[in-house]
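K.L.:
Mind having a look at this structure? Questions to follow.
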Amino acid sequence: MSLPRPVLAALRLLIRDPLAHEVIVGDLEEELAVRRAAGRPVSIWVWRQALASGFSCWRSWGLPALAWPGRWQDVSHGLRLLRRAPAFTVVAVATVAVGIAGATTVFSLVDAVLLSPLGYRDPDRLVLLSTTGGTNVPSTIGFETLHDWREQSRSFESLELMRDWQPTLVDGEAERVQGVRLTAGGLKTLGVTPALGRDFTVEDDHPDRRYVMLLTDAFWHRRFGGDPAVLGRFLNLAGRQFQIIGVLPPSFDPTLLARATGGSAPIEILAPLGYQIGQPFACRSCQHLQAFGRLAPGVTLQSAKAELAAIHGRLVTAFPRDYSDPNIAMRAADELVTAQARPALGVLAGAVAFLLLIACANVASLLLARGSARGREVRIRVALGAGRDRLVAQLLTESLLLAGLGGLLGLGLAKLAVAAVVAASPARLPRLESATLDFRVLTFALAATLLSAVVFGLGPALGLSRESSAGDESGRRTLGSARQTRGRRVLVVANVALAFVLLVGAGLMVASVDRLLAVDPGFDRHGVLTLQMSLSGDRFSHDQAIVAGQEEILARVKALPGVEAAAFSGQVPHSGSFDTWGMEVEGRAVREAEDRFDLQRYSVTPEYFAVLKVRLLEGRLLLPSDRAESEPVLLVSETAARQLFPGASALGKRLRFDGGDEEPWRTIVGVVRDVRHEGLSAAVSPQMYLPQSQRADGFVTLALRGAGNLPALVPAIRREVAAVSSEVPIYGVATLDELVSATTARERFTSALLNAFSLAALLLAAVGLYGLIAYLVEGRRQEVGVRVALGALRQDVARLVLTPGLVLVAAGVALGWGLALGLSRFLGSLLYGVSPADPTTYVTIAGLLAAAAMLAHLAPLARALSVDPVAALRDGG
Amino acid sequence: MAPMAESLGNFEKLLLLALARLDDAYGVTVRQEIAGRTGREVAAGAVYTGLERLEARGMVTSELGEPTPVRGGRRKRHYRLLPAGEKALATSFEELRLMSAGLPRRLRLS
């Protein structure tokens, strides 16, 4: 008679000791035979016996082959305990969850932006490079320069060029498309192959044959519904027919190419550069191209740069007039793409490490308090023969349960948080949109969970078991002995200090963002809608036609209900475009390049100043009477006036564009306020305003001021513009408010995240403090009772309760103050108008923590004040 | 107070008492003895872990028997009560007797 095979298998698995296995199986077989013979049912009995035997042996003889030293009994016991103390469980699990969600969220972001390599083949060999690199940040290069580099250098597998390209697509409704033009080997250098059709060839990369194009997957779907028949079709781009020769795969990563386009819009089409030496714009000093390359295998960036520097040195000697700066710049592509986001993400990663520490310390503190409360239970277990390892195993099991529950909840929170952050993030944090909770992030979260379980579980567990074996007969307060209370005090001080540092960091960011947003940009950002459009093509081939078209559009738009004023301008502040011109001052000889003054140019229609509310300081504004045939005039900004004519009035002085005698002299008729063009924190550049009628732009921004919901006007505006010309594409619609917000997006983003973290930290610190104070007060109920019985007043009791807690907070703040002074300098590059040691912030935060500390004291204080001396003494007897 | 070498759990008392009653005490007979007298069904593994613990405390001793065909050729482990076990049982009864003396009849050790 033998046991069923599955039962034997289970027993073999559960009972590892061969002797025990033999004896037990033998017993069961013997009894099975007896039962069978007696006709008693056996199948359920056999299974119950096998499993119960197996588990009891697994626990005791067996086989701690697992790292987890606990037992299943511990798990169910732990769950029962957690259910019985819901307040503790909720606070502890929430603490772990907040810590882990914070860590996981930021790790996901840091991972996406900083750690994930660019989506190209061997991204570590890709470099960006240029001439004139005093700062070693690659900028631009001329075609012929790169041609010579390519001929002479041995360090590169390939060297390629690219440039911004924004043609108007005329195919039904006119549309401006973001494109990039690059040399034939560009995509091969990145390791990108078209999913459909073919790549550019050297044949295509020629001035006469360059009219072919590749589409990105997104554009192909948006414009052609993913129809493979588009291959071979022709599209009209800026008046030329381009043939579609291929479609890129959906995985195509435009990050690197977006450097050429400034990343203002996603790249949708690609075409060959098609330059040739001898073309006027393909010279050595024609610096409007951007270069990238792939290092040859085994070549380091340093040696490649040294070789190029030598080559370029010879070029500079041979063509001194073409190169004003003998330096070159070369950087790893990956490093450059993430360079801007690095400081902010570094600070956030630090903040998260702090938050995780606080969470761990807090849960340790909670578990210590709980251990104290459970002293009696632990002592009984010890009395019943529980060994230290069993106690540790059980307490550790409970910690793991808490960490596990917290980890799960935290992961859920993190999933939501990452999605929220990606949705709310500024477009200028590269690659952030690719942030998701991926496998590595999950691993990181699990590691963080386990780490905190060990950190906060083992400490109290060891402390408890040591205390308990020391033995104490009174059965009361014994486990809240000096050692643990000291441990908890240290944890509370550490928590307050860490929270102080985080809060100071957040406080500094808030102050900085406040100051940034309070900066007067020199114009009124509210209630203005901007639309970019391009008046190009046959109909707008000369300035008068453009001006007439502009005036017709303005007349129609101003007739729309809700529009108060409307104007065209070559550019508006915070739009990301720059239009800087070298100007010559009448009566001053231009000998060197330095004698020219670079002014930011705005060609505007007269109502521009009413739309943006740029104030006139001196003279007059531009008027409708300033026409092409009247005297050429311009306005300058106050900074331009001061720099050009220090100590004298600019009115009546004359300037002309640097470009020789055919340029007319233009008279300064007014001085207006400075406008912050690049961003609120950027330095003010000198500016000038010219009438569109005297210097027309085809690419213009329509700006209009109005009341109510301005974006709702867009369809009507499109209709009016289409009525004037169906070939004028409208793009880049945004309110001025949105444009200004976008330039401060990174700061607000960092600030918001830091704020979230520091609020969590404040909450956790207050909870930790509350736990300790409540515990201390509970332990001193008897003492309070005696004192009250002996005539102590309420304020004496209050002092008794408040003093220890406030001493801890003071110690924590002092420690945190020192830490914050040391650490806040890492925030330096993110701060605007605030010193990292800003005393106001520090004092405010100290006050905030003190207030939180007082709140944490309220309940315990009320409890102490309500102590009934008789009851307290009786309990203590 | 340190874990007492003499203090016995309830299940341990049952095991020692079973050994005291049986001529040939091994897994099957111990379980039958306990089940027959108290109505408690005990797992074979639990009997061994309990006896193992008592053996470690010097209260019982054991030896391996010969393989028998009814056990599929597997050996038995025979257990015997040692003087320390008898003394522990006696102490335990004495404590119970002292503690229950003078109590109403239903709480007295008969």
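Just remember, in the structure tokens the first chain shown is A, the second B, etc., residues are 1-based per chain, and ligands are 1-based in the order shown.
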Running DSSP on the backbone, which parts of stretch 21-64 of chain B land in strand (DSSP E or B), as a ChimeraX atom specification?

P.N.:
/B:25,60-64

K.L.:
Specify as number ranges by chain all residues of chain A found within 7 Å of chain B, counting only C-alpha atoms.

P.N.:
A: 2, 22-24, 26-27, 29-31, 49, 52-54, 56-57, 60, 382-385, 471

K.L.:
For B:Glu86, list every protein, DNA or RNA residue within 10 Å, evaluated using only C-alpha atoms, and leave out those in the same chain fewer than 6 positions away; present the list as number ranges by chain.

P.N.:
B: 16-17, 20, 59-60, 92

K.L.:
Only C-alpha atoms, please: the residues just picked out, written as a compact mmCIF listing (two decimals), in the first residue's frame.

P.N.:
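Output contents, as saved in result17.txt:
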```
# COMPACT_ATOMS: atom_id res chain seq x y z
CA LEU B 16 5.25 12.74 27.12
CA LEU B 17 2.11 11.18 28.55
CA ALA B 20 4.59 6.99 29.39
CA MET B 59 13.42 14.43 28.12
CA VAL B 60 13.08 11.58 25.62
CA SER B 92 3.86 20.13 35.87
```

K.L.:
Find the residues near A:Arg176: any atom within 7 Å, counting only C-alpha atoms, skip ones fewer than 3 places away on the same chain, and give them as a list in words.

P.N.:
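After dropping sequence-adjacent residues, the list is Gln166, Pro167, Thr168, Leu169, Pro729 and Tyr731 of chain A.
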